[in-house]
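Student: Supplied structure: upload-v5.cif, mmCIF, C-alpha atoms.
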```
data_target
loop_
_atom_site.label_atom_id
_atom_site.label_comp_id
_atom_site.auth_asym_id
_atom_site.auth_seq_id
_atom_site.Cartn_x
_atom_site.Cartn_y
_atom_site.Cartn_z
CA MET A 1 36.68 36.04 -23.46
CA PRO A 2 34.89 39.13 -24.76
CA ILE A 3 31.15 39.35 -24.29
CA TRP A 4 30.40 39.10 -28.01
CA MET A 5 32.34 35.85 -28.21
CA GLU A 6 30.40 34.36 -25.32
CA LEU A 7 27.16 35.41 -27.03
CA LEU A 8 28.40 33.80 -30.25
CA VAL A 9 29.11 30.50 -28.53
CA LEU A 10 25.73 30.55 -26.83
CA LEU A 11 23.85 31.36 -30.04
CA LEU A 12 25.77 28.74 -32.04
CA VAL A 13 24.92 26.10 -29.45
CA VAL A 14 21.24 27.04 -29.64
CA TYR A 15 21.44 27.10 -33.46
CA ALA A 16 23.02 23.65 -33.56
CA ALA A 17 20.41 22.31 -31.15
CA GLY A 18 17.67 23.78 -33.31
CA LEU A 19 19.18 22.25 -36.45
CA ALA A 20 19.44 18.86 -34.77
CA LEU A 21 15.85 19.05 -33.57
CA GLY A 22 14.63 20.17 -36.98
CA TRP A 23 16.50 17.38 -38.72
CA ALA A 24 15.10 14.81 -36.28
CA ILE A 25 11.54 16.04 -36.90
CA TRP A 26 12.09 16.04 -40.68
CA ARG A 27 13.41 12.48 -40.62
CA SER A 28 10.46 11.22 -38.57
CA ARG A 29 7.81 12.56 -41.01
CA PRO A 30 5.87 9.78 -42.80
CA GLU A 31 6.96 9.09 -46.45
CA MET A 32 4.78 11.03 -48.98
CA GLU A 33 2.96 8.63 -51.27
CA GLU A 34 3.69 9.28 -54.92
CA SER A 35 0.08 9.06 -55.93
CA GLU A 36 -1.25 11.73 -53.55
CA THR A 37 -1.70 14.41 -56.21
CA ASP A 38 -5.15 14.64 -57.81
CA GLY A 39 -5.19 13.01 -61.17
CA MET B 40 16.54 32.05 -53.36
CA GLN B 41 17.28 28.72 -55.10
CA ILE B 42 20.60 28.75 -53.30
CA LEU B 43 18.83 28.29 -49.98
CA HIS B 44 17.46 24.95 -51.12
CA ASN B 45 20.96 23.54 -50.72
CA PRO B 46 21.01 22.53 -47.03
CA ARG B 47 24.76 23.00 -46.57
CA ILE B 48 24.68 26.52 -47.89
CA ALA B 49 21.59 27.30 -45.82
CA VAL B 50 23.27 26.08 -42.63
CA ALA B 51 26.43 28.03 -43.41
CA LEU B 52 24.45 31.21 -44.08
CA GLY B 53 22.57 30.66 -40.84
CA ALA B 54 25.87 30.40 -38.95
CA LEU B 55 27.10 33.60 -40.60
CA ALA B 56 23.90 35.35 -39.56
CA ILE B 57 24.48 34.12 -36.00
CA LEU B 58 28.01 35.54 -36.08
CA LEU B 59 26.78 38.95 -37.23
CA LEU B 60 24.02 38.89 -34.61
CA ALA B 61 26.50 38.06 -31.84
CA VAL B 62 28.93 40.80 -32.90
CA MET B 63 26.16 43.40 -33.09
CA ALA B 64 24.62 42.36 -29.79
CA GLY B 65 28.07 42.40 -28.19
CA GLU B 66 28.75 45.92 -29.50
CA ILE B 67 25.43 47.22 -28.20
CA THR B 68 25.17 45.48 -24.83
CA GLY B 69 28.84 44.86 -23.99
CA PRO B 70 29.92 48.33 -22.83
CA PRO B 71 26.90 48.91 -20.53
CA ILE B 72 27.34 45.43 -18.99
CA ALA B 73 31.06 46.01 -18.40
CA GLY B 74 30.37 49.45 -16.96
CA ARG B 75 27.81 48.14 -14.48
CA LEU B 76 30.11 45.30 -13.42
CA GLU B 77 33.01 47.73 -12.92
CA ALA B 78 30.90 49.96 -10.69
CA ARG B 79 29.71 47.01 -8.59
CA ALA B 80 33.23 45.60 -8.38
CA ALA B 81 34.61 48.95 -7.17
CA GLN B 82 31.97 48.99 -4.45
CA ALA B 83 32.69 45.38 -3.43
CA ILE B 84 36.45 46.06 -3.30
CA ALA B 85 35.92 49.13 -1.13
CA GLU B 86 33.69 47.14 1.23
CA VAL B 87 36.37 44.52 1.92
CA GLY B 88 39.13 47.08 2.31
CA GLY B 89 41.09 46.30 -0.84
CA ALA B 90 41.59 49.98 -1.57
CA PRO B 91 44.35 50.09 -4.21
CA VAL B 92 42.85 47.23 -6.24
CA GLU B 93 40.94 48.01 -9.46
CA ALA B 94 38.83 45.63 -11.51
CA HIS B 95 39.06 46.03 -15.28
CA PHE B 96 36.30 44.48 -17.32
CA HIS B 97 38.08 44.82 -20.66
CA THR B 98 40.29 42.39 -22.52
CA GLY B 99 43.78 43.19 -23.78
CA ASN B 100 42.15 44.29 -27.04
CA ASP B 101 39.93 46.66 -25.10
CA MET B 102 36.78 44.62 -25.71
CA PRO B 103 34.21 44.42 -22.91
CA THR B 104 34.26 41.20 -20.93
CA ARG B 105 32.68 39.81 -17.78
CA HIS B 106 36.00 38.29 -16.65
CA PRO B 107 37.79 41.01 -14.67
CA LEU B 108 41.51 41.62 -14.40
CA LEU B 109 42.45 42.88 -10.94
CA THR B 110 45.37 45.29 -10.71
CA GLY B 111 47.08 47.09 -7.85
CA GLY B 112 47.21 44.13 -5.48
CA GLU B 113 50.98 43.59 -5.50
CA GLY B 114 51.53 45.17 -2.10
CA LEU B 115 48.68 43.42 -0.34
CA ASN B 116 48.97 40.25 1.68
CA GLU B 117 47.40 36.94 0.74
CA ALA B 118 44.41 37.25 3.04
CA VAL B 119 43.33 40.63 1.64
CA ARG B 120 43.87 39.48 -1.94
CA ASN B 121 41.66 36.46 -1.32
CA ARG B 122 38.92 38.62 0.20
CA VAL B 123 39.01 41.01 -2.75
CA ALA B 124 38.99 38.21 -5.33
CA LYS B 125 36.09 36.44 -3.61
CA ALA B 126 34.10 39.68 -3.23
CA VAL B 127 34.43 40.46 -6.94
CA ALA B 128 33.67 36.85 -7.98
CA ALA B 129 30.49 36.91 -5.87
CA ILE B 130 28.95 39.69 -7.97
CA PRO B 131 26.21 38.18 -10.18
CA GLY B 132 27.36 38.02 -13.78
CA VAL B 133 31.10 38.12 -13.08
CA GLY B 134 33.08 35.25 -14.59
CA GLY B 135 36.68 34.26 -13.83
CA VAL B 136 38.74 36.64 -11.69
CA ARG B 137 42.45 37.07 -12.49
CA TRP B 138 45.23 39.13 -10.95
CA SER B 139 47.49 41.19 -13.19
CA ASP B 140 50.55 39.87 -11.36
CA GLY B 141 49.47 36.33 -12.11
CA SER B 142 51.63 33.90 -10.19
CA ALA B 143 53.58 36.51 -8.21
CA LEU B 144 53.52 35.58 -4.53
CA ALA B 145 51.95 38.04 -2.18
CA LYS B 146 53.24 38.43 1.33
CA SER B 147 51.29 36.03 3.47
CA ALA B 148 49.24 37.29 6.37
CA ASP B 149 51.03 34.70 8.51
CA GLU B 150 54.72 34.77 9.18
CA PRO B 151 56.56 32.46 6.76
CA VAL B 152 57.82 29.23 8.29
CA HIS B 153 61.58 29.01 8.85
CA PRO B 154 62.30 25.44 9.98
CA LEU B 155 65.81 26.22 11.25
CA HIS B 156 64.26 28.87 13.48
CA CYS B 157 62.70 25.97 15.42
CA GLN B 158 66.13 24.60 16.21
CA GLU B 159 67.17 27.96 17.64
CA ASP B 160 64.00 28.15 19.73
CA VAL B 161 64.54 24.68 21.15
CA GLU B 162 68.24 25.35 21.83
CA ALA B 163 67.25 28.53 23.65
CA LEU B 164 64.83 26.52 25.81
CA LEU B 165 67.43 23.87 26.60
CA ARG B 166 70.27 26.32 27.20
CA THR B 167 69.31 26.93 30.82
CA ARG B 168 67.06 23.94 31.45
CA SER B 169 67.37 20.31 30.55
CA ILE B 170 65.04 17.39 30.18
CA ARG B 171 65.82 15.25 33.20
CA PHE B 172 65.49 11.53 33.58
CA GLU B 173 65.31 9.29 36.58
CA GLU B 174 68.68 7.91 37.62
CA GLY B 175 69.89 5.23 35.20
CA SER B 176 66.49 5.10 33.47
CA ALA B 177 64.81 6.42 30.35
CA ARG B 178 61.77 7.71 32.22
CA ILE B 179 61.39 11.48 31.92
CA ASP B 180 61.23 13.25 35.28
CA ALA B 181 57.77 14.60 36.04
CA PRO B 182 58.95 18.23 36.42
CA SER B 183 60.46 18.05 32.92
CA GLY B 184 57.01 17.52 31.43
CA GLU B 185 56.46 21.25 31.17
CA LEU B 186 59.78 21.68 29.36
CA VAL B 187 58.77 18.95 26.91
CA ASP B 188 55.50 20.85 26.29
CA GLU B 189 57.51 23.95 25.43
CA VAL B 190 59.83 21.97 23.17
CA ALA B 191 56.79 20.50 21.36
CA ALA B 192 55.36 23.99 20.89
CA ALA B 193 58.70 25.23 19.53
CA LEU B 194 58.91 22.27 17.10
CA ARG B 195 55.35 22.58 15.85
CA PRO B 196 56.17 25.16 13.12
CA CYS B 197 58.74 22.67 11.78
CA LEU B 198 56.15 20.09 10.83
CA GLY B 199 57.37 18.56 7.61
CA SER B 200 61.05 18.80 8.54
CA ILE B 201 63.15 15.91 9.82
CA ILE B 202 64.26 16.55 13.41
CA ALA B 203 67.02 14.54 15.03
CA ILE B 204 66.72 13.84 18.76
CA THR B 205 70.13 12.89 20.10
CA GLY B 206 70.63 11.46 23.55
CA HIS B 207 73.97 12.03 25.27
CA THR B 208 75.38 10.68 28.51
CA ASN B 209 78.53 11.38 30.49
CA SER B 210 81.36 8.88 30.52
CA SER B 211 80.51 7.11 33.79
CA GLY B 212 79.76 3.43 33.24
CA PRO B 213 80.47 1.19 30.24
CA GLU B 214 80.07 2.83 26.88
CA PRO B 215 77.72 0.21 25.33
CA GLY B 216 75.38 0.79 28.26
CA ASN B 217 75.67 4.56 27.81
CA ILE B 218 74.84 4.31 24.14
CA GLU B 219 71.82 2.12 24.87
CA LEU B 220 70.61 4.40 27.67
CA SER B 221 71.04 7.53 25.57
CA ARG B 222 69.11 5.86 22.75
CA GLN B 223 66.29 4.90 25.08
CA ARG B 224 66.14 8.43 26.47
CA ALA B 225 66.00 9.92 22.97
CA GLU B 226 63.16 7.52 22.17
CA ALA B 227 61.37 8.48 25.38
CA VAL B 228 61.57 12.12 24.35
CA ARG B 229 60.34 11.16 20.88
CA ASP B 230 57.35 9.36 22.39
CA ALA B 231 56.62 12.30 24.67
CA LEU B 232 56.64 14.67 21.67
CA VAL B 233 54.39 12.33 19.66
CA ARG B 234 51.92 12.36 22.57
CA ARG B 235 51.98 16.15 22.28
CA GLY B 236 51.02 16.08 18.62
CA ILE B 237 54.36 16.09 16.79
CA PRO B 238 54.20 13.48 13.99
CA ALA B 239 56.48 10.52 14.66
CA ASP B 240 57.70 10.23 11.08
CA GLY B 241 59.50 13.58 11.35
CA LEU B 242 61.45 12.61 14.46
CA ARG B 243 64.68 10.60 14.39
CA PRO B 244 65.85 9.51 17.87
CA ARG B 245 69.37 8.23 18.34
CA GLY B 246 71.82 7.66 21.16
CA VAL B 247 75.53 8.50 21.02
CA GLY B 248 76.53 7.74 24.60
CA SER B 249 79.41 9.86 25.84
CA ARG B 250 81.13 10.27 22.49
CA PHE B 251 80.28 13.96 22.12
CA PRO B 252 80.70 15.81 25.42
CA VAL B 253 79.78 19.47 25.58
CA SER B 254 82.78 21.50 24.43
CA GLY B 255 84.73 22.77 27.39
CA LEU B 256 83.46 20.06 29.76
CA GLU B 257 85.17 16.93 30.98
CA PRO B 258 83.59 13.72 29.62
CA ALA B 259 82.66 12.65 33.15
CA ASP B 260 80.82 15.88 33.88
CA PRO B 261 77.14 15.12 34.60
CA ALA B 262 76.19 18.18 32.55
CA ASN B 263 76.97 16.06 29.47
CA ARG B 264 73.78 14.10 30.14
CA ARG B 265 71.47 15.91 27.76
CA ILE B 266 69.05 15.69 24.86
CA GLU B 267 69.83 17.70 21.75
CA PHE B 268 67.54 18.59 18.88
CA SER B 269 68.61 19.47 15.36
CA VAL B 270 66.84 19.94 12.07
CA ILE B 271 68.54 17.56 9.63
CA ALA B 272 66.33 18.09 6.60
CA THR B 273 63.72 20.60 5.64
CA VAL B 274 60.83 19.24 3.64
CA PRO B 275 58.36 21.81 2.36
CA VAL B 276 54.85 21.07 3.52
CA ARG B 277 52.62 20.62 0.50
CA PRO B 278 49.25 22.32 0.88
CA THR B 279 46.21 20.09 0.54
CA PRO B 280 43.56 21.25 -1.96
CA VAL B 281 41.57 22.72 0.92
CA ASP B 282 44.48 25.00 1.73
CA THR B 283 44.88 26.26 -1.80
CA PRO B 284 44.30 30.03 -1.92
CA GLY B 285 41.48 31.64 -3.86
CA PRO B 286 41.52 32.69 -7.50
CA ARG B 287 44.84 34.01 -8.79
#
```
Write the structure described by the file as structure tokens, please.
Tutor:
Amino acid sequence: MPIWMELLVLLLVVYAAGLALGWAIWRSRPEMEESETDG
Amino acid sequence: MQILHNPRIAVALGALAILLLAVMAGEITGPPIAGRLEARAAQAIAEVGGAPVEAHFHTGNDMPTRHPLLTGGEGLNEAVRNRVAKAVAAIPGVGGVRWSDGSALAKSADEPVHPLHCQEDVEALLRTRSIRFEEGSARIDAPSGELVDEVAAALRPCLGSIIAITGHTNSSGPEPGNIELSRQRAEAVRDALVRRGIPADGLRPRGVGSRFPVSGLEPADPANRRIEFSVIATVPVRPTPVDTPGPR
């Protein structure tokens, strides 16, 4: 496997892990209340 | 930038950016990495005496890789090839080592096993000497112990083959008794060989009495009392995983 392909696999794995982590954090945020804006 | 609000498109663009990053990084860092690995591999090969072997850190498409292809090892024996492959694989950063001749067999450092050669060796031993037994008994004479040691040593390379041990007698006495005695003597020789480390499952003792005298001798001639060995089947010995050679 050429070096660039190994780098690609490594970076894609890190990217996917980052996406998964980001999605997990986003999902765990508390729901925004609709009435939070100043009237 | 509205397009980036669509998560699918954003993820896809991110993956594309990763691809471009990997290609660029590979172009910039690949050749120096391959060059350094080639230099270290050449040094490692020289240190283990694998002189004609070269390590190529490029793929078939001429792209740099950390998985070397070793060439020039066709004329080397198995032991040297293993040393070279292990020396190159031990370099930090090197991946999988392959030989250009793939599955081509190298000449082994040891002599190849020829099972029928064992039969010739044993026949040569028994041509001028014979395994003697006490009169009318299946007990091997004490002085014949050394001859049995030599026969065991000659049979050892045949491990894995089926070896027939045939007991013969001369024609004196009733034939059923001769057959039984010759069988017991063949079994005594089998047991003696097993005690000397020859596996029992490769040995087939049998007695044929006086049915097959030595050609040119009268059936009553005492010289017909003998033990003969023959290889009746050759079974290749399968290597255990521990015996499997290094990377090929």
Student: Compute the chain A side of the contact with chain B at 8 Å, counting only C-alpha atoms, and hand it back as a PyMOL selection string.
Tutor: chain A and resi 1-5+7-8+11-12+15
Student: Could you work out how far CA of Gly114 in chain B lies from CA of Ala126 in chain B, giving the answer in Å with one decimal?
Tutor: 18.3 Å
Student: What is the CA of Ser249 in chain B to CA of Ser211 in chain B distance in Å?
Tutor: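 Interatomic distance, CA of Ser249 in chain B to CA of Ser211 in chain B: 8.5 Å.
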Student: Write out as a list in words which residues come within 7 Å of His207 in chain B when counting all atoms listed in the file, dropping same-chain ones fewer than 6 positions away.
Tutor: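 Selected residues are Ser221, Gly246, Val247, Gly248, Ser249, Asn263, Arg264, Arg265 and Ile266 of chain B.
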Student: For the selection you just gave me, I'd like the residues written to a file as a compact mmCIF listing (two decimals), in the frame of the given file, keeping C-alpha atoms.
Tutor:
```txt
# COMPACT_ATOMS: atom_id res chain seq x y z
CA SER B 221 71.04 7.53 25.57
CA GLY B 246 71.82 7.66 21.16
CA VAL B 247 75.53 8.50 21.02
CA GLY B 248 76.53 7.74 24.60
CA SER B 249 79.41 9.86 25.84
CA ASN B 263 76.97 16.06 29.47
CA ARG B 264 73.78 14.10 30.14
CA ARG B 265 71.47 15.91 27.76
CA ILE B 266 69.05 15.69 24.86
```
Student: To one decimal place, how far is CA of Ala203 in chain B from CA of Phe172 in chain B in Å?
Tutor: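 We find that CA of Ala203 in chain B and CA of Phe172 in chain B lie 18.9 Å from each other.
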Student: Go through B:Gly216, B:Ala231, B:Glu159, B:Ile48 one by one, measure the shortest atom-to-atom distance of each to Ala181 in chain B using only C-alpha atoms, and give the residue with the smallest value.
Tutor: B:Ala231
Student: With distances taken over all atoms listed in the file, which residue among B:Leu52, B:Leu232, B:Ala239, B:Ala124 lies nearest Ala81 in chain B?
Tutor: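 Using all atoms listed in the file, Ala81 in chain B sits closest to B:Ala124.
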Student: Give me the residues within 8 Å of Val92 in chain B as a list in words, counting all atoms listed in the file and dropping any in the same chain fewer than 5 places off.
Tutor: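 Counting only the stated atoms, we get Ile84, Leu109, Thr110, Gly111 and Gly112 of chain B.
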Student: Excluding Glu93 in chain B and residues on its chain fewer than 5 positions from it, collect all residues at most 12 Å away from it, counting only C-alpha atoms, and give them as a list in words.
Tutor: Leu76, Glu77, Ala78, Arg79, Ala80, Ala81, Gln82, Ala83, Ile84, Ala85, Gly88, Pro107, Leu108, Leu109, Thr110, Gly111, Gly112, Glu113, Arg120, Val123, Ala124, Val127, Val136, Arg137, Trp138 and Ser139 of chain B
